[in-house]
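For reference, my_file.csv (CSV, N, CA and C atoms):
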```
chain,number,residue,atom,x,y,z
Q,1,MET,N,0.8,-1.2,0.0
Q,1,MET,CA,0.0,0.0,0.0
Q,1,MET,C,0.9,1.2,0.0
Q,2,ASN,N,0.6,2.2,-0.8
Q,2,ASN,CA,1.4,3.4,-0.9
Q,2,ASN,C,0.7,4.5,-0.2
Q,3,LEU,N,1.2,4.9,1.0
Q,3,LEU,CA,0.7,6.0,1.7
Q,3,LEU,C,1.0,7.3,1.1
Q,4,LYS,N,0.0,8.2,1.1
Q,4,LYS,CA,0.2,9.5,0.6
Q,4,LYS,C,1.3,10.2,1.4
Q,5,GLU,N,2.3,10.8,0.7
Q,5,GLU,CA,3.3,11.5,1.4
Q,5,GLU,C,2.7,12.8,2.0
Q,6,GLU,N,3.1,13.0,3.3
Q,6,GLU,CA,2.6,14.2,4.0
Q,6,GLU,C,3.4,15.4,3.5
Q,7,SER,N,2.7,16.5,3.1
Q,7,SER,CA,3.4,17.7,2.6
Q,7,SER,C,4.0,18.4,3.9
Q,8,PHE,N,5.2,19.0,3.6
Q,8,PHE,CA,5.8,19.7,4.8
Q,8,PHE,C,4.9,20.9,5.3
Q,9,ASP,N,4.3,21.6,4.3
Q,9,ASP,CA,3.4,22.7,4.8
Q,9,ASP,C,2.3,22.3,5.7
Q,10,ASP,N,1.6,21.2,5.3
Q,10,ASP,CA,0.6,20.6,6.2
Q,10,ASP,C,1.1,20.2,7.6
Q,11,PHE,N,2.2,19.5,7.5
Q,11,PHE,CA,2.9,19.1,8.8
Q,11,PHE,C,3.2,20.3,9.6
Q,12,PHE,N,3.9,21.2,9.0
Q,12,PHE,CA,4.4,22.4,9.8
Q,12,PHE,C,3.3,23.2,10.4
Q,13,HIS,N,2.2,23.4,9.7
Q,13,HIS,CA,1.1,24.1,10.2
Q,13,HIS,C,0.6,23.5,11.5
Q,14,ARG,N,0.4,22.2,11.4
Q,14,ARG,CA,-0.1,21.5,12.6
Q,14,ARG,C,1.0,21.4,13.7
Q,15,PHE,N,2.2,21.2,13.4
Q,15,PHE,CA,3.3,21.1,14.3
Q,15,PHE,C,3.5,22.4,15.1
Q,16,SER,N,3.2,23.5,14.4
Q,16,SER,CA,3.3,24.8,15.0
Q,16,SER,C,2.3,25.2,16.1
Q,17,ARG,N,1.1,24.5,16.0
Q,17,ARG,CA,0.0,24.8,16.8
Q,17,ARG,C,-0.5,23.8,17.8
Q,18,ASP,N,-0.2,22.5,17.6
Q,18,ASP,CA,-0.8,21.4,18.3
Q,18,ASP,C,0.3,20.7,19.2
Q,19,SER,N,0.2,20.9,20.5
Q,19,SER,CA,1.3,20.4,21.4
Q,19,SER,C,1.4,18.9,21.4
Q,20,VAL,N,0.3,18.2,21.3
Q,20,VAL,CA,0.3,16.7,21.4
Q,20,VAL,C,0.9,16.2,20.1
Q,21,TYR,N,0.5,16.8,18.9
Q,21,TYR,CA,1.1,16.4,17.6
Q,21,TYR,C,2.5,16.7,17.6
Q,22,GLN,N,2.9,17.9,18.1
Q,22,GLN,CA,4.3,18.3,18.1
Q,22,GLN,C,5.2,17.3,18.9
Q,23,ASN,N,4.7,16.9,20.0
Q,23,ASN,CA,5.4,16.0,20.9
Q,23,ASN,C,5.6,14.6,20.2
Q,24,SER,N,4.6,14.2,19.3
Q,24,SER,CA,4.7,12.9,18.6
Q,24,SER,C,5.6,13.0,17.4
Q,25,ARG,N,6.0,14.2,17.0
Q,25,ARG,CA,6.8,14.4,15.8
Q,25,ARG,C,8.2,14.9,16.1
Q,26,ILE,N,8.7,14.6,17.3
Q,26,ILE,CA,10.1,14.9,17.6
Q,26,ILE,C,10.8,13.7,17.9
Q,27,LYS,N,12.0,13.5,17.3
Q,27,LYS,CA,12.8,12.3,17.5
Q,27,LYS,C,13.6,12.5,18.8
Q,28,PHE,N,13.1,11.9,19.9
Q,28,PHE,CA,13.7,12.0,21.2
Q,28,PHE,C,14.7,10.8,21.4
Q,29,PRO,N,15.8,11.0,22.1
Q,29,PRO,CA,16.2,12.3,22.6
Q,29,PRO,C,16.7,13.2,21.5
Q,30,LEU,N,16.3,14.5,21.6
Q,30,LEU,CA,16.5,15.5,20.5
Q,30,LEU,C,18.0,16.0,20.7
Q,31,LEU,N,18.7,15.9,19.6
Q,31,LEU,CA,20.1,16.4,19.6
Q,31,LEU,C,20.1,17.9,19.4
Q,32,VAL,N,20.7,18.6,20.4
Q,32,VAL,CA,20.9,20.0,20.3
Q,32,VAL,C,22.4,20.3,20.2
Q,33,ILE,N,22.8,21.0,19.1
Q,33,ILE,CA,24.1,21.4,18.9
Q,33,ILE,C,24.2,22.9,19.3
Q,34,ILE,N,25.1,23.2,20.2
Q,34,ILE,CA,25.3,24.6,20.6
Q,34,ILE,C,26.6,25.0,19.9
Q,35,ASP,N,26.5,25.9,18.9
Q,35,ASP,CA,27.6,26.2,18.0
Q,35,ASP,C,28.1,27.6,18.4
Q,36,ASP,N,28.9,27.6,19.5
Q,36,ASP,CA,29.4,28.9,20.0
Q,36,ASP,C,30.6,29.3,19.2
Q,37,ILE,N,31.0,30.5,19.2
Q,37,ILE,CA,32.2,31.0,18.5
Q,37,ILE,C,33.4,30.2,18.9
Q,38,ASP,N,33.6,29.9,20.1
Q,38,ASP,CA,34.8,29.3,20.7
Q,38,ASP,C,34.7,27.8,20.6
Q,39,GLU,N,33.5,27.2,20.7
Q,39,GLU,CA,33.5,25.7,20.8
Q,39,GLU,C,32.1,25.2,20.4
Q,40,LYS,N,32.0,24.0,20.1
Q,40,LYS,CA,30.7,23.3,19.8
Q,40,LYS,C,30.4,22.4,21.0
Q,41,GLU,N,29.2,22.4,21.4
Q,41,GLU,CA,28.7,21.5,22.5
Q,41,GLU,C,27.5,20.8,22.0
Q,42,GLN,N,27.3,19.5,22.5
Q,42,GLN,CA,26.1,18.8,22.2
Q,42,GLN,C,25.4,18.4,23.5
Q,43,LYS,N,24.1,18.4,23.4
Q,43,LYS,CA,23.3,17.9,24.5
Q,43,LYS,C,22.0,17.3,23.9
Q,44,LEU,N,21.4,16.5,24.8
Q,44,LEU,CA,20.1,15.8,24.4
Q,44,LEU,C,19.0,16.3,25.2
Q,45,ILE,N,17.9,16.5,24.6
Q,45,ILE,CA,16.6,16.9,25.3
Q,45,ILE,C,15.7,15.7,25.3
Q,46,THR,N,15.3,15.3,26.4
Q,46,THR,CA,14.4,14.1,26.5
Q,46,THR,C,12.9,14.6,26.3
Q,47,GLN,N,12.0,13.7,26.1
Q,47,GLN,CA,10.6,14.0,25.9
Q,47,GLN,C,10.1,14.7,27.1
Q,48,LYS,N,10.4,14.3,28.3
Q,48,LYS,CA,9.9,14.9,29.5
Q,48,LYS,C,10.4,16.3,29.7
Q,49,ASP,N,11.6,16.6,29.1
Q,49,ASP,CA,12.1,18.0,29.3
Q,49,ASP,C,11.7,18.9,28.2
Q,50,TRP,N,11.0,18.4,27.2
Q,50,TRP,CA,10.5,19.3,26.1
Q,50,TRP,C,9.3,20.0,26.5
Q,51,GLY,N,9.3,21.3,26.3
Q,51,GLY,CA,8.1,22.1,26.5
Q,51,GLY,C,7.5,22.5,25.2
Q,52,PHE,N,6.2,22.6,25.1
Q,52,PHE,CA,5.6,23.0,23.8
Q,52,PHE,C,6.2,24.3,23.2
Q,53,PHE,N,6.6,24.2,22.0
Q,53,PHE,CA,7.2,25.4,21.3
Q,53,PHE,C,6.1,25.9,20.4
Q,54,ASP,N,5.4,27.0,20.8
Q,54,ASP,CA,4.3,27.5,20.1
Q,54,ASP,C,4.8,28.5,19.0
Q,55,ILE,N,5.2,27.9,17.9
Q,55,ILE,CA,5.8,28.7,16.8
Q,55,ILE,C,4.8,29.7,16.2
Q,56,ALA,N,3.5,29.3,16.2
Q,56,ALA,CA,2.5,30.2,15.7
Q,56,ALA,C,2.3,31.5,16.4
Q,57,LYS,N,2.8,31.5,17.7
Q,57,LYS,CA,2.6,32.7,18.5
Q,57,LYS,C,3.8,33.7,18.4
Q,58,LEU,N,4.8,33.3,17.7
Q,58,LEU,CA,6.0,34.1,17.6
Q,58,LEU,C,5.6,35.3,16.7
Q,59,SER,N,5.7,36.5,17.3
Q,59,SER,CA,5.2,37.7,16.6
Q,59,SER,C,6.3,38.3,15.7
Q,60,LYS,N,5.8,38.8,14.6
Q,60,LYS,CA,6.7,39.6,13.7
Q,60,LYS,C,6.5,41.0,14.1
Q,61,PRO,N,7.4,41.9,13.9
Q,61,PRO,CA,8.7,41.7,13.3
Q,61,PRO,C,9.8,41.3,14.3
Q,62,LYS,N,9.4,41.1,15.6
Q,62,LYS,CA,10.4,40.8,16.6
Q,62,LYS,C,11.1,39.4,16.3
Q,63,TYR,N,10.3,38.5,15.9
Q,63,TYR,CA,10.9,37.2,15.5
Q,63,TYR,C,10.9,37.0,14.0
Q,64,ILE,N,12.0,36.6,13.4
Q,64,ILE,CA,12.1,36.4,12.0
Q,64,ILE,C,12.2,34.9,11.8
Q,65,GLN,N,11.2,34.4,11.0
Q,65,GLN,CA,11.2,33.0,10.7
Q,65,GLN,C,11.5,32.7,9.3
Q,66,THR,N,12.3,31.8,9.0
Q,66,THR,CA,12.6,31.5,7.6
Q,66,THR,C,12.6,29.9,7.5
Q,67,VAL,N,11.8,29.5,6.5
Q,67,VAL,CA,11.7,28.0,6.2
Q,67,VAL,C,12.4,27.8,4.9
Q,68,GLU,N,13.4,26.9,4.9
Q,68,GLU,CA,14.2,26.6,3.7
Q,68,GLU,C,14.1,25.2,3.4
Q,69,LYS,N,13.8,24.9,2.1
Q,69,LYS,CA,13.8,23.5,1.7
Q,69,LYS,C,15.2,23.1,1.3
Q,70,ILE,N,15.8,22.2,2.0
Q,70,ILE,CA,17.2,21.7,1.6
Q,70,ILE,C,17.1,20.7,0.5
Q,71,ASN,N,16.2,19.8,0.6
Q,71,ASN,CA,15.9,18.8,-0.5
Q,71,ASN,C,14.5,18.2,-0.2
Q,72,SER,N,14.1,17.2,-0.9
Q,72,SER,CA,12.8,16.7,-0.7
Q,72,SER,C,12.6,15.9,0.6
Q,73,GLN,N,13.7,15.7,1.3
Q,73,GLN,CA,13.7,14.9,2.6
Q,73,GLN,C,14.1,15.8,3.8
Q,74,GLU,N,14.4,17.1,3.6
Q,74,GLU,CA,14.8,17.9,4.7
Q,74,GLU,C,14.5,19.4,4.5
Q,75,TYR,N,14.0,20.0,5.6
Q,75,TYR,CA,13.7,21.4,5.7
Q,75,TYR,C,14.3,22.0,6.9
Q,76,HIS,N,14.7,23.3,6.9
Q,76,HIS,CA,15.2,24.0,8.0
Q,76,HIS,C,14.3,25.1,8.4
Q,77,LEU,N,14.0,25.3,9.6
Q,77,LEU,CA,13.3,26.5,10.1
Q,77,LEU,C,14.3,27.2,10.9
Q,78,THR,N,14.6,28.5,10.5
Q,78,THR,CA,15.5,29.3,11.2
Q,78,THR,C,14.7,30.4,11.9
Q,79,ILE,N,15.0,30.6,13.2
Q,79,ILE,CA,14.3,31.6,14.0
Q,79,ILE,C,15.4,32.6,14.6
Q,80,GLN,N,15.2,33.8,14.3
Q,80,GLN,CA,16.0,34.9,14.8
Q,80,GLN,C,15.2,35.9,15.5
Q,81,MET,N,15.8,36.5,16.5
Q,81,MET,CA,15.0,37.5,17.3
Q,81,MET,C,15.7,38.8,17.0
Q,82,GLU,N,14.9,39.8,16.5
Q,82,GLU,CA,15.4,41.1,16.1
Q,82,GLU,C,16.2,41.8,17.2
Q,83,ASP,N,17.3,42.4,16.8
Q,83,ASP,CA,18.2,43.1,17.8
Q,83,ASP,C,18.8,42.3,18.9
Q,84,THR,N,18.8,41.0,18.7
Q,84,THR,CA,19.5,40.1,19.7
Q,84,THR,C,20.4,39.1,18.9
Q,85,GLY,N,21.1,38.3,19.6
Q,85,GLY,CA,22.0,37.3,19.0
Q,85,GLY,C,21.3,36.0,18.8
Q,86,VAL,N,20.0,35.9,19.0
Q,86,VAL,CA,19.3,34.6,18.9
Q,86,VAL,C,19.2,34.2,17.5
Q,87,TYR,N,19.7,32.9,17.3
Q,87,TYR,CA,19.7,32.3,15.9
Q,87,TYR,C,19.7,30.8,16.1
Q,88,VAL,N,18.5,30.2,15.9
Q,88,VAL,CA,18.4,28.8,16.1
Q,88,VAL,C,17.8,28.2,14.8
Q,89,VAL,N,18.4,27.0,14.4
Q,89,VAL,CA,17.9,26.3,13.3
Q,89,VAL,C,17.3,25.0,13.8
Q,90,TYR,N,16.1,24.7,13.3
Q,90,TYR,CA,15.4,23.5,13.6
Q,90,TYR,C,15.4,22.6,12.3
Q,91,VAL,N,15.9,21.4,12.5
Q,91,VAL,CA,16.1,20.5,11.3
Q,91,VAL,C,15.0,19.5,11.3
Q,92,PHE,N,14.2,19.5,10.2
Q,92,PHE,CA,13.1,18.5,10.0
Q,92,PHE,C,13.5,17.6,8.9
Q,93,LYS,N,13.3,16.3,9.1
Q,93,LYS,CA,13.6,15.3,8.1
Q,93,LYS,C,12.4,14.4,8.0
Q,94,ARG,N,12.3,13.9,6.7
Q,94,ARG,CA,11.2,12.9,6.5
Q,94,ARG,C,11.7,11.5,6.9
Q,95,GLU,N,10.9,10.9,7.7
Q,95,GLU,CA,11.3,9.5,8.1
Q,95,GLU,C,10.0,8.6,7.9
Q,96,LYS,N,10.1,7.7,7.1
Q,96,LYS,CA,9.0,6.7,6.8
Q,96,LYS,C,7.7,7.5,6.5
Q,97,ASN,N,7.8,8.4,5.6
Q,97,ASN,CA,6.6,9.2,5.1
Q,97,ASN,C,6.1,10.3,6.1
Q,98,SER,N,6.8,10.4,7.2
Q,98,SER,CA,6.4,11.4,8.2
Q,98,SER,C,7.5,12.4,8.5
Q,99,TRP,N,7.1,13.7,8.7
Q,99,TRP,CA,8.1,14.7,9.0
Q,99,TRP,C,8.4,14.6,10.5
Q,100,MET,N,9.7,14.8,10.8
Q,100,MET,CA,10.1,14.8,12.2
Q,100,MET,C,11.1,15.9,12.5
Q,101,LEU,N,11.0,16.5,13.7
Q,101,LEU,CA,12.1,17.4,14.1
Q,101,LEU,C,13.2,16.5,14.6
Q,102,THR,N,14.4,16.5,14.0
Q,102,THR,CA,15.5,15.6,14.3
Q,102,THR,C,16.6,16.3,15.0
Q,103,GLN,N,16.7,17.6,15.0
Q,103,GLN,CA,17.9,18.3,15.5
Q,103,GLN,C,17.7,19.8,15.6
Q,104,MET,N,18.4,20.4,16.6
Q,104,MET,CA,18.4,21.8,16.7
Q,104,MET,C,19.8,22.3,16.7
Q,105,ILE,N,20.1,23.4,16.0
Q,105,ILE,CA,21.4,24.0,16.0
Q,105,ILE,C,21.3,25.4,16.5
Q,106,ASP,N,21.9,25.7,17.7
Q,106,ASP,CA,21.8,27.0,18.3
Q,106,ASP,C,23.1,27.7,18.1
Q,107,SER,N,23.0,28.7,17.2
Q,107,SER,CA,24.2,29.5,16.9
Q,107,SER,C,24.1,30.9,17.5
Q,108,SER,N,23.3,31.1,18.5
Q,108,SER,CA,23.1,32.4,19.2
Q,108,SER,C,24.4,32.9,19.8
Q,109,THR,N,24.5,34.2,19.8
Q,109,THR,CA,25.7,34.8,20.3
Q,109,THR,C,25.4,35.5,21.6
```
Give the structure from the file, written as structure tokens.
Amino acid sequence: MNLKEESFDDFFHRFSRDSVYQNSRIKFPLLVIIDDIDEKEQKLITQKDWGFFDIAKLSKPKYIQTVEKINSQEYHLTIQMEDTGVYVVYVFKREKNSWMLTQMIDSST
């Protein structure tokens, strides 16, 4: 049986607003790379330590969101906060026809 592939736009719309759905679409433990100017550090976030990230409520122009299609299997959401050093990339990859948040890269200064 060929399941219909989920579009990234449909997935992201729901992921941004629905906490239960969001929790089910994160690959735990979630790898977080902290990319500091001086060094790189890695940590893991467990499911119990994850708090709902309400992307839909991030207000413009304070928060700048950019979604970039890397290829058919990967998208990046970049969130920057105006006039601060906040710069975080959320990496989404398709796994078995479902989109998953697989990694975060925090390059904030």
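Computed from the coordinates, the atom CA of Lys57 of chain Q to atom CA of Asn97 of chain Q distance equals 27.3 Å.
The spacing separating atom CA of Leu31 of chain Q from atom CA of Trp99 of chain Q amounts to 16.1 Å.
For the residues Q:Phe53, Q:His76, Q:Gln103, Q:Val89, ranking by smallest atom-to-atom distance to Gln22 of chain Q using only N, CA and C atoms places Q:Phe53 first.
Using only C-alpha atoms for every distance, the candidate list Q:Ser19, Q:Gln73, Q:Ser108, Q:Gln42 yields Q:Ser19 as the residue closest to Ala56 of chain Q.
When only N, CA and C atoms are used to compute distances to Asp35 of chain Q, the closest of the residues Q:Met104, Q:Met81, Q:Ile70, Q:Val91 turns out to be Q:Met104.
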Identify, with DSSP run on backbone atoms, the residues in segment 21-95 of chain Q assigned to strand (DSSP E or B), and express the list as a ChimeraX atom specification. /Q:26-35,40-45,63-71,74-81,87-95
